[in-house]
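Below is final15.cif, which holds mmCIF, C-alpha atoms.
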```cif
data_input
#
loop_
_atom_site.label_atom_id
_atom_site.label_comp_id
_atom_site.auth_asym_id
_atom_site.auth_seq_id
_atom_site.Cartn_x
_atom_site.Cartn_y
_atom_site.Cartn_z
CA MET A 950 47.99 -135.14 84.09
CA PHE A 951 49.17 -131.55 84.25
CA CYS A 952 46.80 -128.63 84.76
CA ARG A 953 47.59 -127.25 81.31
CA GLN A 954 46.63 -130.55 79.66
CA VAL A 955 43.45 -130.82 81.68
CA GLN A 956 42.40 -127.28 80.90
CA SER A 957 42.93 -127.79 77.20
CA HIS A 958 40.38 -130.64 77.33
CA LEU A 959 37.89 -129.02 79.68
CA ASP A 960 35.51 -127.93 76.90
CA ASP A 961 35.32 -131.42 75.54
CA TYR A 962 34.97 -132.77 79.06
CA ILE A 963 31.97 -130.50 79.69
CA LEU A 964 30.44 -131.24 76.30
CA ASP A 965 31.10 -134.96 76.75
CA ARG A 966 33.16 -135.25 73.59
CA ILE A 967 36.07 -137.31 74.90
CA ASP A 968 36.65 -141.02 75.34
CA LYS A 969 36.17 -142.68 78.72
CA GLU A 970 39.87 -143.07 79.45
CA LEU A 971 40.61 -139.36 79.06
CA PHE A 972 37.41 -138.50 80.89
CA ASP A 973 38.50 -140.55 83.90
CA GLN A 974 41.98 -139.03 83.89
CA ILE A 975 40.53 -135.51 83.93
CA ASP A 976 38.02 -136.54 86.56
CA ASN A 977 40.76 -137.81 88.85
CA HIS A 978 42.80 -134.65 88.37
CA LEU A 979 39.81 -132.43 89.11
CA LYS A 980 39.19 -134.18 92.42
CA GLU A 981 42.56 -132.98 93.64
CA CYS A 982 43.12 -129.66 91.85
CA LEU A 983 41.23 -126.59 93.06
CA ASN A 984 42.52 -124.37 90.30
CA CYS A 985 41.18 -126.67 87.58
CA GLN A 986 37.92 -127.00 89.48
CA LYS A 987 37.53 -123.22 89.26
CA HIS A 988 38.21 -123.32 85.53
CA LEU A 989 35.68 -126.07 85.14
CA ALA A 990 33.01 -124.26 87.10
CA LYS A 991 33.59 -121.03 85.19
CA ASN A 992 33.29 -122.63 81.77
CA LYS A 993 30.60 -125.12 82.67
CA GLN A 994 28.17 -122.45 83.80
CA LEU A 995 28.43 -120.62 80.53
CA ILE A 996 28.46 -123.66 78.28
CA VAL A 997 25.45 -125.16 80.06
CA ALA A 998 23.70 -121.82 79.71
CA LEU A 999 24.48 -121.65 76.00
CA LYS A 1000 23.54 -125.27 75.43
CA SER A 1001 20.17 -124.63 76.98
CA LEU A 1002 19.25 -122.01 74.40
CA PRO A 1003 16.38 -123.50 72.46
CA THR A 1004 15.99 -123.43 68.70
CA PRO A 1005 12.32 -123.24 67.84
CA ASP A 1006 10.98 -125.95 65.58
CA PRO A 1007 8.69 -124.25 63.08
CA GLY A 1008 6.92 -127.55 62.38
CA ASP A 1009 6.69 -130.12 59.59
CA HIS A 1010 4.56 -127.89 57.40
CA TYR A 1011 7.24 -125.20 57.42
CA TRP A 1012 10.04 -127.66 56.68
CA GLN A 1013 8.13 -129.01 53.70
CA GLN A 1014 7.40 -125.50 52.45
CA MET A 1015 11.03 -124.51 52.81
CA GLU A 1016 12.22 -127.56 50.93
CA ASP A 1017 9.73 -126.86 48.13
CA SER A 1018 10.79 -123.24 48.06
CA ILE A 1019 14.49 -124.14 47.69
CA LEU A 1020 13.76 -126.64 44.92
CA SER A 1021 11.54 -124.13 43.18
CA ARG A 1022 14.23 -121.42 43.37
CA VAL A 1023 16.82 -123.80 42.03
CA GLY A 1024 14.45 -124.90 39.25
CA LYS A 1025 13.72 -121.33 38.28
CA GLN A 1026 17.42 -120.54 38.18
CA THR A 1027 17.96 -123.45 35.81
CA ASP A 1028 15.12 -122.19 33.57
CA ILE A 1029 16.40 -118.64 33.71
CA SER A 1030 19.92 -119.69 32.77
CA SER A 1031 18.57 -121.51 29.69
CA GLU A 1032 16.47 -118.47 28.79
CA ASP A 1033 19.48 -116.29 29.39
CA LEU A 1034 21.44 -118.27 26.83
CA VAL A 1035 18.74 -117.73 24.20
CA HIS A 1036 18.22 -114.15 25.21
CA THR A 1037 21.95 -113.50 25.12
CA SER A 1038 22.28 -114.81 21.59
CA ASP A 1039 19.25 -112.70 20.52
CA SER A 1040 20.61 -109.60 22.13
CA ARG A 1041 24.01 -110.26 20.54
CA LEU A 1042 22.32 -110.33 17.14
CA THR A 1043 20.40 -107.19 17.96
CA SER A 1044 23.52 -105.41 19.10
CA VAL A 1045 25.39 -106.54 15.95
CA SER A 1046 22.64 -105.24 13.70
CA ARG A 1047 22.48 -102.08 15.79
CA TYR A 1048 26.12 -101.32 15.01
CA LEU A 1049 26.25 -102.81 11.52
CA ILE A 1050 23.70 -100.47 9.93
CA PRO A 1051 25.37 -97.21 10.98
CA LEU A 1052 28.72 -98.69 9.99
CA ALA A 1053 27.44 -99.58 6.52
CA ALA A 1054 25.89 -96.13 6.23
CA SER A 1055 29.17 -94.49 7.19
CA ILE A 1056 31.08 -96.53 4.58
CA LEU A 1057 28.54 -95.57 1.95
CA LEU A 1058 28.79 -91.92 2.91
CA LEU A 1059 32.54 -92.10 2.59
CA LEU A 1060 32.35 -93.81 -0.79
CA GLY A 1061 29.73 -91.35 -1.94
CA SER A 1062 31.87 -88.45 -0.87
CA LEU A 1063 34.86 -89.82 -2.81
CA LEU A 1064 32.73 -90.40 -5.89
CA SER A 1065 31.36 -86.92 -5.58
CA ASP A 1066 34.83 -85.36 -5.54
CA GLU A 1067 35.85 -87.35 -8.59
CA PHE A 1068 32.67 -86.33 -10.38
CA ASP A 1069 33.28 -82.69 -9.53
CA SER A 1070 36.81 -82.72 -10.90
CA ASP A 1071 35.59 -84.34 -14.17
CA LEU A 1072 33.00 -81.67 -14.46
CA ASN A 1073 35.54 -78.90 -13.97
CA MET A 1074 37.70 -80.29 -16.76
CA SER A 1075 34.71 -80.61 -19.05
CA SER A 1076 33.62 -77.03 -18.30
CA LYS A 1077 37.04 -75.66 -19.16
CA ARG A 1078 37.05 -77.46 -22.50
CA ASN A 1079 33.52 -76.87 -23.80
CA VAL A 1080 31.81 -73.78 -22.32
CA ASP A 1081 32.68 -70.29 -21.20
CA TYR A 1082 33.34 -69.41 -17.56
CA THR A 1083 29.73 -68.33 -16.70
CA ILE A 1084 28.08 -71.45 -18.10
CA SER A 1085 30.73 -73.56 -16.52
CA SER A 1086 29.94 -72.05 -13.09
CA GLN A 1087 26.23 -72.73 -13.52
CA MET A 1088 26.96 -76.27 -14.62
CA TYR A 1089 29.26 -76.74 -11.68
CA GLY A 1090 26.56 -75.57 -9.26
CA HIS A 1091 23.99 -77.86 -10.76
CA GLN A 1092 26.29 -80.83 -10.77
CA ASN A 1093 27.35 -80.17 -7.26
CA GLU A 1094 23.73 -80.35 -6.12
CA THR A 1095 23.25 -83.52 -8.08
CA SER A 1096 26.19 -85.21 -6.50
CA TYR A 1097 24.83 -84.54 -3.01
CA SER A 1098 21.39 -85.78 -4.05
CA GLU A 1099 23.03 -88.87 -5.43
CA LEU A 1100 24.85 -89.43 -2.19
CA THR A 1101 21.76 -88.98 -0.05
CA ALA A 1102 19.63 -91.23 -2.22
CA PHE A 1103 22.29 -93.89 -2.43
CA THR A 1104 22.76 -93.99 1.31
CA ALA A 1105 19.04 -93.79 2.00
CA LEU A 1106 18.38 -96.67 -0.35
CA PHE A 1107 20.73 -98.93 1.57
CA ILE A 1108 19.84 -97.96 5.08
CA GLY A 1109 16.13 -97.96 4.30
CA ILE A 1110 15.06 -94.38 5.02
CA PRO A 1111 11.39 -93.92 4.09
CA GLY A 1112 10.86 -91.96 0.93
CA SER A 1113 14.25 -92.85 -0.45
CA PRO A 1114 12.92 -94.46 -3.70
CA ASP A 1115 11.67 -91.04 -4.88
CA LYS A 1116 15.05 -89.57 -4.26
CA TYR A 1117 16.63 -92.50 -6.03
CA ILE A 1118 14.37 -91.93 -9.04
CA SER A 1119 15.19 -88.23 -9.17
CA LEU A 1120 18.85 -89.21 -8.93
CA SER A 1121 18.51 -91.57 -11.88
CA GLN A 1122 16.80 -88.86 -13.88
CA THR A 1123 19.53 -86.40 -13.00
CA LEU A 1124 22.26 -88.84 -13.90
CA GLY A 1125 20.45 -89.70 -17.10
CA GLY A 1126 20.65 -86.06 -18.07
CA TYR A 1127 24.42 -86.37 -18.36
CA MET U 689 20.03 -149.22 54.42
CA GLU U 690 20.45 -145.47 54.59
CA ILE U 691 22.33 -143.78 51.78
CA THR U 692 25.52 -142.13 52.98
CA VAL U 693 26.08 -138.40 52.62
CA LYS U 694 29.07 -139.11 50.39
CA ASP U 695 26.89 -141.08 47.96
CA LEU U 696 24.22 -138.43 48.00
CA VAL U 697 26.79 -135.73 47.30
CA GLN U 698 28.20 -137.73 44.37
CA ARG U 699 24.73 -138.21 42.94
CA PHE U 700 24.04 -134.52 43.44
CA ILE U 701 27.22 -133.57 41.58
CA ASP U 702 26.12 -135.86 38.76
CA GLY U 703 22.91 -133.84 38.47
CA ASP U 704 20.51 -135.98 40.50
CA GLN U 705 17.82 -133.60 41.80
CA GLU U 706 16.41 -136.22 44.14
CA ALA U 707 19.79 -136.49 45.88
CA PHE U 708 19.77 -132.74 46.35
CA ALA U 709 16.31 -132.92 47.92
CA LEU U 710 17.54 -135.65 50.26
CA LEU U 711 20.53 -133.55 51.28
CA ILE U 712 18.19 -130.64 52.06
CA GLY U 713 16.11 -133.01 54.16
CA ARG U 714 19.13 -134.16 56.14
CA PHE U 715 20.79 -130.83 56.82
CA LYS U 716 18.07 -128.18 56.80
CA LYS U 717 17.38 -128.32 60.55
CA ARG U 718 21.02 -127.98 61.48
CA VAL U 719 21.59 -125.06 59.12
CA TYR U 720 18.41 -123.41 60.37
CA SER U 721 19.51 -123.90 63.98
CA VAL U 722 22.91 -122.25 63.43
CA ALA U 723 21.30 -119.42 61.49
CA PHE U 724 18.64 -118.90 64.13
CA GLN U 725 21.18 -118.74 66.95
CA MET U 726 23.34 -116.34 65.01
CA LEU U 727 20.59 -114.00 63.85
CA GLY U 728 18.00 -114.49 66.55
CA ASN U 729 14.86 -114.53 64.43
CA HIS U 730 12.94 -116.89 62.21
CA LEU U 731 12.80 -114.75 59.06
CA ASP U 732 16.56 -114.30 58.81
CA ALA U 733 17.17 -117.94 59.73
CA ASP U 734 14.82 -118.99 56.95
CA ASP U 735 16.57 -116.67 54.51
CA VAL U 736 20.02 -118.00 55.42
CA THR U 737 18.92 -121.64 55.23
CA GLN U 738 17.35 -121.27 51.81
CA GLU U 739 20.19 -119.17 50.46
CA ALA U 740 22.79 -121.67 51.71
CA PHE U 741 21.16 -124.52 49.80
CA VAL U 742 20.65 -122.44 46.66
CA ARG U 743 24.30 -121.39 46.77
CA ILE U 744 25.50 -124.93 47.29
CA TYR U 745 23.40 -125.97 44.31
CA ASN U 746 25.11 -123.34 42.19
CA ARG U 747 28.52 -124.43 43.43
CA ARG U 748 27.99 -128.17 43.15
CA GLU U 749 31.02 -128.51 40.90
CA GLN U 750 33.20 -127.40 43.84
CA LEU U 751 31.88 -130.30 45.92
CA LYS U 752 34.20 -132.63 44.00
CA ASN U 753 37.06 -131.24 46.07
CA VAL U 754 35.19 -131.11 49.37
CA ASP U 755 35.75 -133.77 52.03
CA TYR U 756 32.98 -132.81 54.42
CA PHE U 757 29.72 -131.70 52.91
CA ALA U 758 28.34 -130.57 56.27
CA SER U 759 31.32 -128.28 56.90
CA PHE U 760 31.11 -126.82 53.40
CA LEU U 761 27.39 -126.20 53.77
CA MET U 762 27.89 -124.64 57.19
CA ARG U 763 30.65 -122.45 55.79
CA ILE U 764 28.30 -121.07 53.16
CA ALA U 765 25.51 -120.56 55.69
CA THR U 766 27.77 -118.99 58.31
CA ASN U 767 29.42 -116.64 55.83
CA TYR U 768 26.03 -115.49 54.61
CA ALA U 769 24.81 -115.05 58.20
CA ILE U 770 27.94 -113.02 59.05
CA ASP U 771 27.35 -110.83 55.99
CA LEU U 772 23.76 -110.34 57.08
CA ILE U 773 24.79 -109.36 60.62
CA ARG U 774 27.37 -106.89 59.32
CA TRP U 775 24.88 -105.44 56.88
CA LYS U 776 22.35 -104.97 59.64
CA GLN U 777 24.93 -103.44 61.94
CA LYS U 778 25.86 -100.92 59.28
CA GLY U 779 22.22 -100.08 58.73
CA PHE U 780 21.30 -99.67 62.36
CA ILE U 781 23.21 -99.23 65.64
CA SER U 782 26.93 -100.00 65.62
CA ILE U 783 27.27 -102.65 68.30
CA ASP U 784 30.39 -102.21 70.36
CA ALA U 785 31.23 -105.51 71.97
CA ASP U 786 32.71 -103.88 75.07
CA ASN U 787 29.75 -101.69 75.86
CA GLU U 788 26.70 -102.85 77.63
CA THR U 789 23.50 -102.16 75.77
CA PRO U 790 21.63 -99.47 77.72
CA GLY U 791 18.42 -100.61 79.31
CA SER U 792 19.18 -104.29 78.94
CA PRO U 793 17.35 -106.49 81.43
CA LYS U 794 19.13 -107.79 84.51
CA ILE U 795 20.05 -111.35 85.16
CA GLU U 796 20.14 -113.82 88.01
CA LEU U 797 23.45 -115.41 87.13
CA VAL U 798 23.87 -119.13 87.35
CA ASP U 799 27.01 -119.19 89.47
CA LYS U 800 24.94 -118.90 92.65
CA THR U 801 23.40 -122.28 92.22
CA ASP U 802 24.49 -125.88 92.06
CA ARG U 803 21.90 -126.66 89.37
CA PRO U 804 22.20 -123.94 86.74
CA ASP U 805 20.32 -125.93 84.13
CA GLN U 806 17.12 -125.52 86.12
CA ILE U 807 17.54 -121.79 86.52
CA ILE U 808 18.20 -121.34 82.82
CA GLU U 809 14.78 -122.65 82.02
CA ASN U 810 13.62 -119.21 82.93
CA LYS U 811 12.58 -117.48 79.73
CA GLU U 812 13.83 -114.08 80.80
CA LEU U 813 17.26 -115.49 81.46
CA LEU U 814 17.38 -117.14 78.05
CA ASP U 815 16.48 -113.85 76.42
CA ILE U 816 19.32 -112.18 78.29
CA ILE U 817 21.80 -114.78 77.09
CA LYS U 818 20.54 -114.30 73.55
CA GLN U 819 21.03 -110.56 73.85
CA ALA U 820 24.56 -111.12 75.15
CA ILE U 821 25.35 -113.36 72.19
CA LYS U 822 24.01 -110.70 69.85
CA LYS U 823 26.51 -108.23 71.24
CA LEU U 824 29.44 -110.38 70.14
CA PRO U 825 31.21 -109.52 66.90
CA PRO U 826 30.01 -111.80 64.05
CA ARG U 827 32.97 -114.19 63.90
CA GLN U 828 33.19 -114.63 67.66
CA ARG U 829 29.45 -115.19 67.72
CA ALA U 830 29.77 -117.82 65.00
CA THR U 831 32.60 -119.52 66.88
CA VAL U 832 30.65 -119.79 70.14
CA ILE U 833 27.49 -120.98 68.42
CA LEU U 834 29.20 -123.56 66.25
CA HIS U 835 31.36 -124.92 69.09
CA ASP U 836 29.32 -124.56 72.25
CA LEU U 837 25.78 -124.78 70.92
CA GLU U 838 25.99 -126.91 67.83
CA GLY U 839 28.74 -129.20 69.04
CA PHE U 840 31.28 -128.82 66.24
CA SER U 841 34.85 -129.56 67.26
CA LYS U 842 37.50 -126.83 67.14
CA LYS U 843 38.95 -128.42 64.01
CA GLU U 844 35.55 -128.39 62.33
CA VAL U 845 34.89 -124.80 63.36
CA ALA U 846 38.29 -123.85 61.93
CA GLY U 847 37.27 -125.52 58.67
CA ILE U 848 33.91 -123.78 58.58
CA LEU U 849 35.28 -120.33 59.38
CA GLN U 850 38.44 -120.91 57.32
CA CYS U 851 40.86 -119.92 60.02
CA PRO U 852 43.53 -121.70 62.10
CA GLN U 853 42.47 -123.71 65.15
CA ALA U 854 44.46 -121.30 67.30
CA THR U 855 42.14 -118.51 66.13
CA VAL U 856 39.12 -120.62 67.07
CA ARG U 857 40.55 -121.20 70.56
CA SER U 858 41.35 -117.53 70.93
CA ASN U 859 37.94 -116.38 69.66
CA LEU U 860 36.24 -118.86 71.92
CA HIS U 861 38.16 -117.63 74.95
CA ILE U 862 37.52 -113.96 74.18
CA ALA U 863 33.84 -114.55 73.44
CA ARG U 864 33.26 -116.53 76.62
CA THR U 865 35.08 -113.94 78.71
CA LYS U 866 32.90 -111.20 77.26
CA LEU U 867 29.72 -113.20 77.77
CA ARG U 868 30.63 -113.95 81.38
CA LYS U 869 31.46 -110.31 81.97
CA TRP U 870 28.18 -109.06 80.50
CA LEU U 871 26.11 -111.63 82.32
CA GLN U 872 27.82 -110.84 85.64
CA LYS U 873 27.29 -107.12 85.06
CA ASP U 874 23.62 -107.81 84.58
CA ASP U 875 23.60 -109.89 87.71
CA LYS U 876 25.29 -107.20 89.82
CA GLY U 877 23.08 -104.49 88.45
CA ARG U 878 19.95 -106.26 89.50
#
```
Would you give me this structure, written as structure tokens?
Amino acid sequence: MFCRQVQSHLDDYILDRIDKELFDQIDNHLKECLNCQKHLAKNKQLIVALKSLPTPDPGDHYWQQMEDSILSRVGKQTDISSEDLVHTSDSRLTSVSRYLIPLAASILLLLGSLLSDEFDSDLNMSSKRNVDYTISSQMYGHQNETSYSELTAFTALFIGIPGSPDKYISLSQTLGGY
Amino acid sequence: MEITVKDLVQRFIDGDQEAFALLIGRFKKRVYSVAFQMLGNHLDADDVTQEAFVRIYNRREQLKNVDYFASFLMRIATNYAIDLIRWKQKGFISIDADNETPGSPKIELVDKTDRPDQIIENKELLDIIKQAIKKLPPRQRATVILHDLEGFSKKEVAGILQCPQATVRSNLHIARTKLRKWLQKDDKGR
């Protein structure tokens, strides 16, 4: 065997991880080669030192506790993931409703605003036909207020603002007046 | 007849909790030992051991493509231990592998005796070796511990640390050279 080959197997030779045939070959080489003997001595000292480092055994009670702890952690994770699934679907619903209500309110506001404009233009035409300019202005002001009340009540009714039924009633009365 | 690891792993993948418990029983001491040597204290070793098994439980689907359960488990444990070491190093003193820790105790090095194993029984000496190992960078430390202490082959260490065998050989050589140097320094300084 060549020195290079021997040195590549020295770790395994020290740690007794090679078959007998290779072990004997290295052994024979080492008897004759001083350089490889030095390599062996250098590595053996350190490896033997490292191998002698003890790992404390915390005892059977600890091992049992650790095993229980791992199984408990794993069990909890499984429970949590199931809860997470439920919780996630709940929170999705909550988040949907959280965004749906303002969206509905915004659509209603927009519709109300459009209706209001249409109502105002009808009123202007009516004023020009039937009454003089002063009365028409008063009527316009009154109607304008009504249209905003209508809008507020209409929106409040749908988004559930407290007190909205009163406003809705006053709106109905106002509308009834026309 | 004892159930093979392969069978246990298959049962574990199929959702058998008992198989998982049996795997913990078989490998816990080895994982703990590696973790203890790498981190040097019981609390961290306990943390790493538990975390490794919890992580492997969460990744059990990946085990379908794993040939060696022990290597995969050790990979998870070692990676976590390396993260822990790096985290601690960032939080405390930056350990420079080429500098001797000031005030470290001195050592009676083993090369003066024909029977080093007897000398190493000395507790002080063991503590000094432990301190020297702690000065190694995390991956070199893992390499030395897995190969020299725990008896994994270079191929297995390469699998655990996910690097080429040449890197394992190189890390092993560098780590041993450093350890020898530090231990000899301690010896001369005494």
With a cut-off of 9 Å, could you pull out the residues of chain A touching chain U and give me the nearest pair of atoms for each, distance in Å to one decimal, using all atoms listed in the file, ordered by chain and ascending number, as a tab-separated table?
```
residue	atom	partner	partner_atom	distance
A:Asp960	CA	U:Asp836	CA	8.4
A:Asp961	CA	U:Ser841	CA	8.5
A:Leu964	CA	U:Gly839	CA	7.7
A:Arg966	CA	U:Ser841	CA	8.7
A:Ala990	CA	U:Asp799	CA	8.2
A:Lys991	CA	U:Asp799	CA	8.1
A:Asn992	CA	U:Arg864	CA	8.0
A:Gln994	CA	U:Val798	CA	6.5
A:Leu995	CA	U:Arg868	CA	7.1
A:Ile996	CA	U:Asp836	CA	6.2
A:Val997	CA	U:Asp805	CA	6.6
A:Ala998	CA	U:Ile808	CA	6.3
A:Leu999	CA	U:Leu837	CA	6.1
A:Lys1000	CA	U:Leu837	CA	5.1
A:Ser1001	CA	U:Ile808	CA	7.0
A:Leu1002	CA	U:Leu814	CA	6.4
A:Pro1003	CA	U:Leu814	CA	8.5
A:Thr1004	CA	U:Ser721	CA	5.9
A:Pro1005	CA	U:Ser721	CA	8.2
A:Asp1006	CA	U:Lys717	CA	8.5
A:Pro1007	CA	U:His730	CA	8.5
A:Trp1012	CA	U:Lys716	CA	8.0
A:Gln1013	CA	U:Gly713	CA	8.9
A:Met1015	CA	U:Gln738	CA	7.2
A:Glu1016	CA	U:Ile712	CA	6.8
A:Asp1017	CA	U:Ala709	CA	8.9
A:Ser1018	CA	U:Gln738	CA	7.8
A:Ile1019	CA	U:Gln738	CA	5.8
A:Leu1020	CA	U:Ala709	CA	7.4
A:Arg1022	CA	U:Val742	CA	7.3
A:Val1023	CA	U:Val742	CA	6.2
```
Restrict the selected residues to C-alpha atoms and save them as a CSV table (one decimal), in the coordinates of the input.
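What follows is the written file again34.csv:
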```
chain,number,residue,atom,x,y,z
A,960,ASP,CA,35.5,-127.9,76.9
A,961,ASP,CA,35.3,-131.4,75.5
A,964,LEU,CA,30.4,-131.2,76.3
A,966,ARG,CA,33.2,-135.2,73.6
A,990,ALA,CA,33.0,-124.3,87.1
A,991,LYS,CA,33.6,-121.0,85.2
A,992,ASN,CA,33.3,-122.6,81.8
A,994,GLN,CA,28.2,-122.4,83.8
A,995,LEU,CA,28.4,-120.6,80.5
A,996,ILE,CA,28.5,-123.7,78.3
A,997,VAL,CA,25.4,-125.2,80.1
A,998,ALA,CA,23.7,-121.8,79.7
A,999,LEU,CA,24.5,-121.6,76.0
A,1000,LYS,CA,23.5,-125.3,75.4
A,1001,SER,CA,20.2,-124.6,77.0
A,1002,LEU,CA,19.2,-122.0,74.4
A,1003,PRO,CA,16.4,-123.5,72.5
A,1004,THR,CA,16.0,-123.4,68.7
A,1005,PRO,CA,12.3,-123.2,67.8
A,1006,ASP,CA,11.0,-126.0,65.6
A,1007,PRO,CA,8.7,-124.2,63.1
A,1012,TRP,CA,10.0,-127.7,56.7
A,1013,GLN,CA,8.1,-129.0,53.7
A,1015,MET,CA,11.0,-124.5,52.8
A,1016,GLU,CA,12.2,-127.6,50.9
A,1017,ASP,CA,9.7,-126.9,48.1
A,1018,SER,CA,10.8,-123.2,48.1
A,1019,ILE,CA,14.5,-124.1,47.7
A,1020,LEU,CA,13.8,-126.6,44.9
A,1022,ARG,CA,14.2,-121.4,43.4
A,1023,VAL,CA,16.8,-123.8,42.0
```
- Atomic distance CA of Gln750 in chain U - CA of Met726 in chain U, expressed in Å with one decimal: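 Going from CA of Gln750 in chain U over to CA of Met726 in chain U covers 25.8 Å.
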- Query: Could you work out how far CA of Thr831 in chain U lies from CA of Lys866 in chain U, giving the answer in Å with one decimal?
  - Reply: 13.3 Å
- Explicit residues for the PyMOL selection byres ((chain U and resi 848) around 12) (as a PyMOL selection string): chain U and resi 754+756-767+827+830-831+834-835+840-847+849-853+856
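Going from CA of Leu772 in chain U to CA of Arg747 in chain U covers 20.2 Å.
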Could you write out as a PDB file with C-alpha atoms, in the frame of the given file the residues that the PyMOL selection byres ((chain A and resi 951) around 12) matches in the shown file?
```pdb
ATOM      1  CA  MET A 950      47.990-135.140  84.090  1.00  0.00           C
ATOM      2  CA  CYS A 952      46.800-128.630  84.760  1.00  0.00           C
ATOM      3  CA  ARG A 953      47.590-127.250  81.310  1.00  0.00           C
ATOM      4  CA  GLN A 954      46.630-130.550  79.660  1.00  0.00           C
ATOM      5  CA  VAL A 955      43.450-130.820  81.680  1.00  0.00           C
ATOM      6  CA  GLN A 956      42.400-127.280  80.900  1.00  0.00           C
ATOM      7  CA  SER A 957      42.930-127.790  77.200  1.00  0.00           C
ATOM      8  CA  HIS A 958      40.380-130.640  77.330  1.00  0.00           C
ATOM      9  CA  GLN A 974      41.980-139.030  83.890  1.00  0.00           C
ATOM     10  CA  ILE A 975      40.530-135.510  83.930  1.00  0.00           C
ATOM     11  CA  ASN A 977      40.760-137.810  88.850  1.00  0.00           C
ATOM     12  CA  HIS A 978      42.800-134.650  88.370  1.00  0.00           C
ATOM     13  CA  LEU A 979      39.810-132.430  89.110  1.00  0.00           C
ATOM     14  CA  GLU A 981      42.560-132.980  93.640  1.00  0.00           C
ATOM     15  CA  CYS A 982      43.120-129.660  91.850  1.00  0.00           C
ATOM     16  CA  ASN A 984      42.520-124.370  90.300  1.00  0.00           C
ATOM     17  CA  CYS A 985      41.180-126.670  87.580  1.00  0.00           C
TER      18      CYS A 985
END
```
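The nearest approach to Pro826 in chain U among the residues U:Ile773, U:Ile862, U:Lys778, U:Glu812, with all atoms listed in the file taken into account, belongs to U:Ile773.
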- Message: as number ranges by chain, please: the residues near Val697 in chain U (cut-off 8 Å, only C-alpha atoms, same-chain neighbours under 2 positions excluded).
- Response: U: 693-695, 699-701, 707-708, 711, 751, 757
N, CA and C atoms restored at range 831-844 of chain U, emitted as a PDB file, in the coordinates of the input:
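part_0.pdb, written as the output of this step:
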```pdb
ATOM      1  N   THR U 831      31.736-118.533  66.214  1.00  0.00           N
ATOM      2  CA  THR U 831      32.600-119.520  66.880  1.00  0.00           C
ATOM      3  C   THR U 831      31.899-120.146  68.083  1.00  0.00           C
ATOM      4  N   VAL U 832      31.341-119.292  68.933  1.00  0.00           N
ATOM      5  CA  VAL U 832      30.650-119.790  70.140  1.00  0.00           C
ATOM      6  C   VAL U 832      29.462-120.672  69.755  1.00  0.00           C
ATOM      7  N   ILE U 833      28.696-120.223  68.796  1.00  0.00           N
ATOM      8  CA  ILE U 833      27.490-120.980  68.420  1.00  0.00           C
ATOM      9  C   ILE U 833      27.860-122.327  67.806  1.00  0.00           C
ATOM     10  N   LEU U 834      28.828-122.298  66.904  1.00  0.00           N
ATOM     11  CA  LEU U 834      29.200-123.560  66.250  1.00  0.00           C
ATOM     12  C   LEU U 834      29.816-124.541  67.255  1.00  0.00           C
ATOM     13  N   HIS U 835      30.652-124.032  68.153  1.00  0.00           N
ATOM     14  CA  HIS U 835      31.360-124.920  69.090  1.00  0.00           C
ATOM     15  C   HIS U 835      30.511-125.296  70.302  1.00  0.00           C
ATOM     16  N   ASP U 836      30.000-124.295  70.980  1.00  0.00           N
ATOM     17  CA  ASP U 836      29.320-124.560  72.250  1.00  0.00           C
ATOM     18  C   ASP U 836      27.862-124.983  72.088  1.00  0.00           C
ATOM     19  N   LEU U 837      27.203-124.441  71.078  1.00  0.00           N
ATOM     20  CA  LEU U 837      25.780-124.780  70.920  1.00  0.00           C
ATOM     21  C   LEU U 837      25.567-125.952  69.977  1.00  0.00           C
ATOM     22  N   GLU U 838      26.251-125.898  68.853  1.00  0.00           N
ATOM     23  CA  GLU U 838      25.990-126.910  67.830  1.00  0.00           C
ATOM     24  C   GLU U 838      26.902-128.120  67.936  1.00  0.00           C
ATOM     25  N   GLY U 839      27.911-128.034  68.767  1.00  0.00           N
ATOM     26  CA  GLY U 839      28.740-129.200  69.040  1.00  0.00           C
ATOM     27  C   GLY U 839      29.807-129.529  68.013  1.00  0.00           C
ATOM     28  N   PHE U 840      30.163-128.573  67.165  1.00  0.00           N
ATOM     29  CA  PHE U 840      31.280-128.820  66.240  1.00  0.00           C
ATOM     30  C   PHE U 840      32.598-128.766  67.023  1.00  0.00           C
ATOM     31  N   SER U 841      33.549-129.597  66.607  1.00  0.00           N
ATOM     32  CA  SER U 841      34.850-129.560  67.260  1.00  0.00           C
ATOM     33  C   SER U 841      35.619-128.314  66.806  1.00  0.00           C
ATOM     34  N   LYS U 842      36.708-128.025  67.500  1.00  0.00           N
ATOM     35  CA  LYS U 842      37.500-126.830  67.140  1.00  0.00           C
ATOM     36  C   LYS U 842      38.049-126.957  65.717  1.00  0.00           C
ATOM     37  N   LYS U 843      38.425-128.187  65.360  1.00  0.00           N
ATOM     38  CA  LYS U 843      38.950-128.420  64.010  1.00  0.00           C
ATOM     39  C   LYS U 843      37.857-128.142  62.965  1.00  0.00           C
ATOM     40  N   GLU U 844      36.659-128.618  63.268  1.00  0.00           N
ATOM     41  CA  GLU U 844      35.550-128.390  62.330  1.00  0.00           C
ATOM     42  C   GLU U 844      35.195-126.913  62.226  1.00  0.00           C
TER      43      GLU U 844
END
```
